[in-house]
Structure formats: C-alpha cells, structure tokens
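Asker: The file below is structure.txt, compact mmCIF, N, CA and C atoms:
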# COMPACT_ATOMS: atom_id res chain seq x y z
N MET U 1 9.59 37.72 -17.35
CA MET U 1 10.91 37.36 -16.89
C MET U 1 11.83 37.22 -18.10
N ASN U 2 12.95 37.79 -18.03
CA ASN U 2 13.90 37.76 -19.12
C ASN U 2 14.80 36.53 -18.98
N MET U 3 14.72 35.59 -19.95
CA MET U 3 15.47 34.34 -19.90
C MET U 3 16.96 34.56 -20.15
N SER U 4 17.33 35.71 -20.68
CA SER U 4 18.74 35.96 -20.92
C SER U 4 19.43 36.56 -19.70
N SER U 5 18.67 36.76 -18.64
CA SER U 5 19.22 37.30 -17.41
C SER U 5 20.24 36.32 -16.82
N PRO U 6 21.35 36.77 -16.24
CA PRO U 6 22.37 35.88 -15.68
C PRO U 6 21.86 35.09 -14.46
N ASN U 7 20.82 35.54 -13.79
CA ASN U 7 20.30 34.86 -12.60
C ASN U 7 19.25 33.80 -12.93
N CYS U 8 18.86 33.69 -14.17
CA CYS U 8 17.81 32.76 -14.56
C CYS U 8 18.44 31.53 -15.23
N LYS U 9 18.28 30.39 -14.63
CA LYS U 9 18.82 29.17 -15.19
C LYS U 9 17.68 28.34 -15.75
N ARG U 10 17.96 27.66 -16.83
CA ARG U 10 16.98 26.74 -17.38
C ARG U 10 17.11 25.42 -16.63
N SER U 11 16.03 24.96 -16.05
CA SER U 11 16.07 23.69 -15.33
C SER U 11 14.74 22.97 -15.51
N MET U 12 14.78 21.69 -15.25
CA MET U 12 13.61 20.85 -15.35
C MET U 12 12.69 21.18 -14.17
N PRO U 13 11.39 21.27 -14.40
CA PRO U 13 10.48 21.54 -13.28
C PRO U 13 10.63 20.46 -12.21
N PHE U 14 10.54 20.86 -10.94
CA PHE U 14 10.74 19.96 -9.82
C PHE U 14 9.76 18.77 -9.85
N GLY U 15 8.53 19.00 -10.24
CA GLY U 15 7.53 17.92 -10.32
C GLY U 15 7.93 16.84 -11.29
N LEU U 16 8.51 17.24 -12.41
CA LEU U 16 8.96 16.27 -13.41
C LEU U 16 10.13 15.45 -12.88
N ILE U 17 11.00 16.08 -12.14
CA ILE U 17 12.14 15.37 -11.53
C ILE U 17 11.62 14.32 -10.56
N LYS U 18 10.63 14.66 -9.73
CA LYS U 18 10.06 13.70 -8.78
C LYS U 18 9.45 12.51 -9.50
N ILE U 19 8.77 12.76 -10.59
CA ILE U 19 8.14 11.67 -11.36
C ILE U 19 9.21 10.75 -11.94
N LEU U 20 10.27 11.33 -12.49
CA LEU U 20 11.35 10.53 -13.06
C LEU U 20 12.04 9.68 -11.99
N VAL U 21 12.30 10.25 -10.83
CA VAL U 21 12.92 9.50 -9.74
C VAL U 21 12.01 8.35 -9.32
N PHE U 22 10.71 8.62 -9.20
CA PHE U 22 9.74 7.60 -8.84
C PHE U 22 9.75 6.46 -9.85
N LEU U 23 9.73 6.77 -11.13
CA LEU U 23 9.73 5.75 -12.16
C LEU U 23 11.01 4.92 -12.17
N ILE U 24 12.14 5.57 -12.00
CA ILE U 24 13.41 4.86 -11.96
C ILE U 24 13.45 3.93 -10.75
N PHE U 25 13.04 4.42 -9.59
CA PHE U 25 13.06 3.61 -8.38
C PHE U 25 12.15 2.40 -8.51
N PHE U 26 10.91 2.57 -8.91
CA PHE U 26 9.97 1.46 -8.96
C PHE U 26 10.18 0.54 -10.16
N SER U 27 10.92 0.97 -11.15
CA SER U 27 11.20 0.06 -12.26
C SER U 27 12.28 -0.95 -11.88
N ASN U 28 12.99 -0.72 -10.78
CA ASN U 28 14.05 -1.63 -10.33
C ASN U 28 13.61 -2.58 -9.23
N ILE U 29 12.36 -2.50 -8.76
CA ILE U 29 11.87 -3.41 -7.73
C ILE U 29 11.47 -4.71 -8.39
N PRO U 30 12.02 -5.83 -7.93
CA PRO U 30 11.66 -7.11 -8.55
C PRO U 30 10.23 -7.51 -8.19
N LEU U 31 9.48 -7.88 -9.19
CA LEU U 31 8.12 -8.35 -9.00
C LEU U 31 8.06 -9.81 -9.40
N LYS U 32 6.99 -10.48 -8.98
CA LYS U 32 6.79 -11.86 -9.41
C LYS U 32 6.51 -11.86 -10.91
N SER U 33 6.56 -13.01 -11.52
CA SER U 33 6.44 -13.09 -12.97
C SER U 33 5.12 -12.51 -13.48
N GLU U 34 4.08 -12.54 -12.67
CA GLU U 34 2.80 -11.98 -13.10
C GLU U 34 2.73 -10.48 -12.81
N GLY U 35 3.79 -9.93 -12.24
CA GLY U 35 3.79 -8.51 -11.93
C GLY U 35 3.09 -8.22 -10.62
N GLN U 36 2.90 -9.23 -9.78
CA GLN U 36 2.19 -9.06 -8.52
C GLN U 36 3.03 -9.62 -7.37
N PHE U 37 2.80 -9.07 -6.20
CA PHE U 37 3.39 -9.64 -4.99
C PHE U 37 2.47 -10.76 -4.53
N HIS U 38 3.02 -11.78 -3.91
CA HIS U 38 2.21 -12.91 -3.43
C HIS U 38 2.17 -12.91 -1.92
N ASP U 39 1.10 -13.49 -1.39
CA ASP U 39 1.02 -13.68 0.04
C ASP U 39 0.44 -15.05 0.34
N TRP U 40 0.81 -15.56 1.50
CA TRP U 40 0.35 -16.86 1.97
C TRP U 40 -0.30 -16.65 3.33
N CYS U 41 -1.26 -17.48 3.64
CA CYS U 41 -1.97 -17.42 4.91
C CYS U 41 -1.47 -18.56 5.79
N ILE U 42 -0.93 -18.23 6.94
CA ILE U 42 -0.37 -19.25 7.83
C ILE U 42 -0.88 -19.07 9.26
N ALA U 43 -0.71 -20.11 10.07
CA ALA U 43 -1.11 -20.05 11.47
C ALA U 43 -0.27 -19.02 12.22
N ASP U 44 -0.93 -18.25 13.07
CA ASP U 44 -0.24 -17.27 13.90
C ASP U 44 0.53 -18.02 15.00
N GLU U 45 1.78 -17.66 15.19
CA GLU U 45 2.64 -18.32 16.19
C GLU U 45 2.08 -18.21 17.61
N GLN U 46 1.28 -17.19 17.87
CA GLN U 46 0.79 -16.95 19.23
C GLN U 46 -0.53 -17.66 19.53
N THR U 47 -1.12 -18.30 18.54
CA THR U 47 -2.42 -18.94 18.74
C THR U 47 -2.23 -20.32 19.38
N PRO U 48 -2.96 -20.58 20.46
CA PRO U 48 -2.87 -21.90 21.12
C PRO U 48 -3.34 -23.03 20.20
N ASP U 49 -2.79 -24.21 20.40
CA ASP U 49 -3.11 -25.36 19.55
C ASP U 49 -4.60 -25.70 19.53
N ASP U 50 -5.30 -25.56 20.66
CA ASP U 50 -6.73 -25.90 20.66
C ASP U 50 -7.53 -24.98 19.73
N GLU U 51 -7.16 -23.71 19.67
CA GLU U 51 -7.82 -22.77 18.76
C GLU U 51 -7.44 -23.08 17.31
N LEU U 52 -6.17 -23.43 17.10
CA LEU U 52 -5.73 -23.79 15.75
C LEU U 52 -6.47 -25.04 15.26
N LEU U 53 -6.66 -25.98 16.15
CA LEU U 53 -7.35 -27.23 15.79
C LEU U 53 -8.79 -26.96 15.36
N GLN U 54 -9.47 -26.08 16.08
CA GLN U 54 -10.84 -25.71 15.69
C GLN U 54 -10.86 -25.03 14.32
N ALA U 55 -9.94 -24.10 14.10
CA ALA U 55 -9.87 -23.39 12.82
C ALA U 55 -9.46 -24.33 11.69
N LEU U 56 -8.55 -25.25 11.99
CA LEU U 56 -8.12 -26.25 11.00
C LEU U 56 -9.31 -27.11 10.58
N SER U 57 -10.07 -27.56 11.54
CA SER U 57 -11.26 -28.37 11.25
C SER U 57 -12.25 -27.59 10.39
N TRP U 58 -12.45 -26.32 10.72
CA TRP U 58 -13.38 -25.49 9.95
C TRP U 58 -12.87 -25.34 8.51
N ALA U 59 -11.58 -25.03 8.36
CA ALA U 59 -11.02 -24.82 7.02
C ALA U 59 -11.17 -26.08 6.17
N CYS U 60 -10.83 -27.24 6.75
CA CYS U 60 -10.92 -28.49 5.99
C CYS U 60 -12.36 -28.83 5.62
N GLY U 61 -13.31 -28.39 6.41
CA GLY U 61 -14.71 -28.65 6.11
C GLY U 61 -15.37 -27.61 5.23
N ASN U 62 -14.62 -26.56 4.89
CA ASN U 62 -15.22 -25.46 4.13
C ASN U 62 -14.43 -25.07 2.89
N GLY U 63 -13.74 -26.01 2.30
CA GLY U 63 -13.13 -25.74 1.00
C GLY U 63 -11.63 -25.89 0.91
N ALA U 64 -10.94 -26.01 2.04
CA ALA U 64 -9.49 -26.22 1.98
C ALA U 64 -9.22 -27.64 1.49
N ASP U 65 -8.17 -27.79 0.70
CA ASP U 65 -7.74 -29.13 0.28
C ASP U 65 -6.78 -29.65 1.35
N CYS U 66 -7.30 -30.51 2.21
CA CYS U 66 -6.50 -31.03 3.32
C CYS U 66 -5.92 -32.40 3.04
N SER U 67 -6.01 -32.85 1.80
CA SER U 67 -5.50 -34.18 1.45
C SER U 67 -3.98 -34.28 1.61
N LYS U 68 -3.26 -33.18 1.41
CA LYS U 68 -1.79 -33.23 1.47
C LYS U 68 -1.24 -33.20 2.89
N ILE U 69 -2.10 -33.01 3.89
CA ILE U 69 -1.62 -33.05 5.28
C ILE U 69 -2.01 -34.37 5.95
N GLN U 70 -2.47 -35.32 5.15
CA GLN U 70 -2.78 -36.66 5.66
C GLN U 70 -1.49 -37.48 5.70
N GLU U 71 -1.49 -38.53 6.53
CA GLU U 71 -0.32 -39.38 6.67
C GLU U 71 0.15 -39.90 5.30
N ASN U 72 1.46 -39.96 5.10
CA ASN U 72 2.12 -40.40 3.86
C ASN U 72 1.93 -39.43 2.69
N GLN U 73 1.54 -38.21 2.98
CA GLN U 73 1.40 -37.18 1.95
C GLN U 73 2.50 -36.13 2.14
N PRO U 74 2.78 -35.31 1.13
CA PRO U 74 3.96 -34.42 1.17
C PRO U 74 3.96 -33.37 2.29
N CYS U 75 2.80 -33.01 2.82
CA CYS U 75 2.76 -31.96 3.85
C CYS U 75 2.38 -32.50 5.23
N TYR U 76 2.43 -33.82 5.40
CA TYR U 76 2.11 -34.41 6.70
C TYR U 76 3.17 -34.05 7.74
N LEU U 77 4.43 -34.06 7.33
CA LEU U 77 5.51 -33.71 8.26
C LEU U 77 5.95 -32.28 8.04
N PRO U 78 6.26 -31.53 9.05
CA PRO U 78 6.18 -31.94 10.44
C PRO U 78 4.72 -32.11 10.89
N ASN U 79 4.49 -33.13 11.67
CA ASN U 79 3.15 -33.48 12.12
C ASN U 79 2.78 -32.68 13.37
N THR U 80 2.51 -31.39 13.15
CA THR U 80 2.08 -30.52 14.25
C THR U 80 0.78 -29.85 13.86
N VAL U 81 0.01 -29.47 14.86
CA VAL U 81 -1.24 -28.75 14.61
C VAL U 81 -0.93 -27.46 13.85
N ARG U 82 0.11 -26.75 14.27
CA ARG U 82 0.45 -25.46 13.65
C ARG U 82 0.81 -25.62 12.17
N ASP U 83 1.61 -26.62 11.84
CA ASP U 83 2.00 -26.82 10.44
C ASP U 83 0.82 -27.26 9.59
N HIS U 84 0.00 -28.15 10.11
CA HIS U 84 -1.18 -28.59 9.36
C HIS U 84 -2.18 -27.45 9.21
N ALA U 85 -2.35 -26.66 10.26
CA ALA U 85 -3.26 -25.51 10.18
C ALA U 85 -2.76 -24.52 9.13
N SER U 86 -1.47 -24.27 9.10
CA SER U 86 -0.92 -23.33 8.11
C SER U 86 -1.24 -23.80 6.70
N TYR U 87 -1.05 -25.08 6.44
CA TYR U 87 -1.34 -25.59 5.10
C TYR U 87 -2.82 -25.45 4.76
N ALA U 88 -3.69 -25.82 5.70
CA ALA U 88 -5.13 -25.75 5.47
C ALA U 88 -5.60 -24.30 5.32
N PHE U 89 -5.10 -23.40 6.17
CA PHE U 89 -5.49 -21.99 6.09
C PHE U 89 -5.12 -21.43 4.72
N ASN U 90 -3.90 -21.73 4.29
CA ASN U 90 -3.45 -21.21 3.00
C ASN U 90 -4.27 -21.79 1.85
N SER U 91 -4.57 -23.07 1.91
CA SER U 91 -5.37 -23.69 0.86
C SER U 91 -6.73 -23.03 0.76
N TYR U 92 -7.37 -22.85 1.90
CA TYR U 92 -8.69 -22.19 1.91
C TYR U 92 -8.57 -20.76 1.37
N TYR U 93 -7.61 -20.01 1.89
CA TYR U 93 -7.44 -18.61 1.51
C TYR U 93 -7.15 -18.46 0.01
N GLN U 94 -6.21 -19.22 -0.52
CA GLN U 94 -5.85 -19.11 -1.93
C GLN U 94 -7.03 -19.44 -2.83
N ASN U 95 -7.80 -20.46 -2.47
CA ASN U 95 -8.91 -20.89 -3.32
C ASN U 95 -10.18 -20.08 -3.13
N SER U 96 -10.25 -19.26 -2.08
CA SER U 96 -11.48 -18.53 -1.79
C SER U 96 -11.32 -17.01 -1.78
N LYS U 97 -10.08 -16.51 -1.86
CA LYS U 97 -9.89 -15.05 -1.75
C LYS U 97 -10.54 -14.28 -2.89
N ALA U 98 -10.64 -14.89 -4.07
CA ALA U 98 -11.29 -14.20 -5.19
C ALA U 98 -12.78 -14.00 -4.92
N LYS U 99 -13.32 -14.80 -4.02
CA LYS U 99 -14.74 -14.69 -3.65
C LYS U 99 -14.92 -13.85 -2.39
N GLY U 100 -13.84 -13.22 -1.92
CA GLY U 100 -13.93 -12.32 -0.78
C GLY U 100 -13.46 -12.91 0.54
N ALA U 101 -12.94 -14.12 0.54
CA ALA U 101 -12.47 -14.73 1.79
C ALA U 101 -11.24 -13.99 2.31
N SER U 102 -11.07 -14.03 3.62
CA SER U 102 -9.89 -13.40 4.23
C SER U 102 -9.04 -14.46 4.94
N CYS U 103 -7.91 -14.02 5.39
CA CYS U 103 -7.00 -14.87 6.17
C CYS U 103 -7.17 -14.47 7.63
N TYR U 104 -8.27 -14.88 8.22
CA TYR U 104 -8.57 -14.46 9.59
C TYR U 104 -8.67 -15.66 10.53
N PHE U 105 -9.58 -16.57 10.26
CA PHE U 105 -9.76 -17.78 11.05
C PHE U 105 -9.84 -17.47 12.55
N ASN U 106 -10.72 -16.51 12.86
CA ASN U 106 -10.96 -16.12 14.26
C ASN U 106 -9.66 -15.71 14.96
N SER U 107 -8.86 -14.93 14.26
CA SER U 107 -7.56 -14.41 14.73
C SER U 107 -6.47 -15.47 14.85
N ALA U 108 -6.66 -16.63 14.23
CA ALA U 108 -5.67 -17.71 14.34
C ALA U 108 -4.64 -17.67 13.22
N ALA U 109 -4.81 -16.79 12.22
CA ALA U 109 -3.93 -16.79 11.05
C ALA U 109 -3.43 -15.40 10.72
N VAL U 110 -2.34 -15.36 9.99
CA VAL U 110 -1.74 -14.10 9.52
C VAL U 110 -1.26 -14.29 8.09
N LEU U 111 -1.14 -13.17 7.38
CA LEU U 111 -0.58 -13.19 6.03
C LEU U 111 0.93 -13.02 6.11
N THR U 112 1.63 -13.69 5.20
CA THR U 112 3.08 -13.53 5.11
C THR U 112 3.48 -13.42 3.65
N ALA U 113 4.56 -12.69 3.40
CA ALA U 113 5.09 -12.58 2.04
C ALA U 113 6.17 -13.65 1.81
N ARG U 114 6.51 -14.40 2.83
CA ARG U 114 7.53 -15.45 2.73
C ARG U 114 6.84 -16.79 2.44
N ASP U 115 7.27 -17.41 1.38
CA ASP U 115 6.71 -18.70 0.96
C ASP U 115 7.00 -19.75 2.04
N PRO U 116 5.94 -20.33 2.65
CA PRO U 116 6.15 -21.32 3.70
C PRO U 116 6.42 -22.74 3.19
N SER U 117 6.50 -22.92 1.89
CA SER U 117 6.77 -24.25 1.33
C SER U 117 8.08 -24.79 1.88
N HIS U 118 8.14 -26.11 2.02
CA HIS U 118 9.35 -26.75 2.53
C HIS U 118 9.43 -28.16 1.96
N ASP U 119 10.63 -28.58 1.66
CA ASP U 119 10.88 -29.91 1.10
C ASP U 119 9.90 -30.19 -0.05
N ALA U 120 9.16 -31.29 0.02
CA ALA U 120 8.21 -31.64 -1.04
C ALA U 120 6.84 -30.98 -0.83
N CYS U 121 6.68 -30.28 0.28
CA CYS U 121 5.40 -29.63 0.60
C CYS U 121 5.35 -28.24 -0.02
N LYS U 122 4.55 -28.09 -1.05
CA LYS U 122 4.43 -26.81 -1.74
C LYS U 122 3.11 -26.14 -1.39
N PHE U 123 3.20 -24.93 -0.84
CA PHE U 123 2.03 -24.14 -0.52
C PHE U 123 1.58 -23.42 -1.77
N GLU U 124 0.35 -23.61 -2.13
CA GLU U 124 -0.21 -23.02 -3.34
C GLU U 124 -0.29 -21.51 -3.20
N VAL U 125 -0.11 -20.83 -4.33
CA VAL U 125 -0.35 -19.38 -4.38
C VAL U 125 -1.11 -19.11 -5.66
N ILE U 126 -2.22 -18.40 -5.52
CA ILE U 126 -3.04 -18.02 -6.66
C ILE U 126 -3.08 -16.50 -6.71
N PRO U 127 -2.57 -15.91 -7.80
CA PRO U 127 -2.55 -14.44 -7.90
C PRO U 127 -3.94 -13.84 -7.87
As structure tokens, what does this structure read like?
Answerer:
Amino acid sequence: MNMSSPNCKRSMPFGLIKILVFLIFFSNIPLKSEGQFHDWCIADEQTPDDELLQALSWACGNGADCSKIQENQPCYLPNTVRDHASYAFNSYYQNSKAKGASCYFNSAAVLTARDPSHDACKFEVIP
C-alpha cells in the first residue's frame, strides 16, 4: 500500500483508541481510599422478623460482635429485629468473609454498597 496515496490517511489503530478511552473512563471513577469498593451485609427487607431473629441469634453465637446492639450501646436504637439483625449480619460477614463466609443467613440478608451506619452506630467494613 502506498502511504503517499491521497486516499490513505494515517490514523491510530482502532484497538488502541478503545484502550485509551477505557483508561480515561476508569481513571475518573472514584474508588475508596484502599482502591476497593466496599459492601455491607444487611437484613433483607422482605424477610419476616421470626426468620431474622433466628439468623440474628445464629450470627451472635458464631462470631458476630453483638455488644453494640445491647441496651445503652450505640447501635441499640432503633430497637427493631431488622436493625439489630443488620448490625449482627454485617459484623459476622466483615469479620469472617476472608475465611470464605458469605452474606446469606438462610436468605435473610443482602449485600449493599450503601453504608448503613447512622448517628453514633458505625457499621464496620473490612476490605
């Protein structure tokens, strides 16, 4: 092919353009300080309280730190099964996910990217 031909234009290969666009786009997405997205494990809104109570009891007996959902502690209020279960599920999940634990709790929990912390109640997140 003759490069001096009037129909031949010098241009950047299409694959290189796609890579550059990809890099520009993803370099502008805000990440957490560790460069990772975070998730929290909370009670599913559709799960009945009796099922949440069973899962809450299991979580507190199997590694969740449930001390902050006791009376006069920062996560006691609101005093609902759902709120206490969310705190316990997240505590268990954050402290056990590196060992392969999931946020399942017999279908009583879901992952969220929104920090459920409120007022003085801080939900732990471990990258």
Asker: Which residues are close to stretch 84-90 of chain U, i.e. within 7 Å by only C-alpha atoms, leaving aside same-chain residues fewer than 4 positions away? Reply as a ChimeraX atom specification.
Answerer: /U:40-43,52,56,59-60,64-66,69,80,94,123
Asker: Can you work out the spacing between atom N of U:Ala108 and atom N of U:Asp44 in Å, to one decimal?
Answerer: 6.1 Å
Asker: Counting only C-alpha atoms, what is within 8 Å of U:Ser107, bar same-chain residues fewer than 2 positions away, as a VMD selection string?
Answerer: chain U and resid 44 47 104 to 105 109 to 110
Asker: Name all residues at most 6.5 Å from U:Ser102 (count all atoms listed in the file; drop same-chain ones fewer than 5 positions away) and give them as an MDAnalysis selection string.
Answerer: chainID U and resid 93 96:97
Asker: Have a look at atom C of U:Cys75 and atom CA of U:Cys121 and let me know their distance in Å, one decimal.
Answerer: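 Atom-to-atom, atom C of U:Cys75 to atom CA of U:Cys121, that is 6.2 Å.
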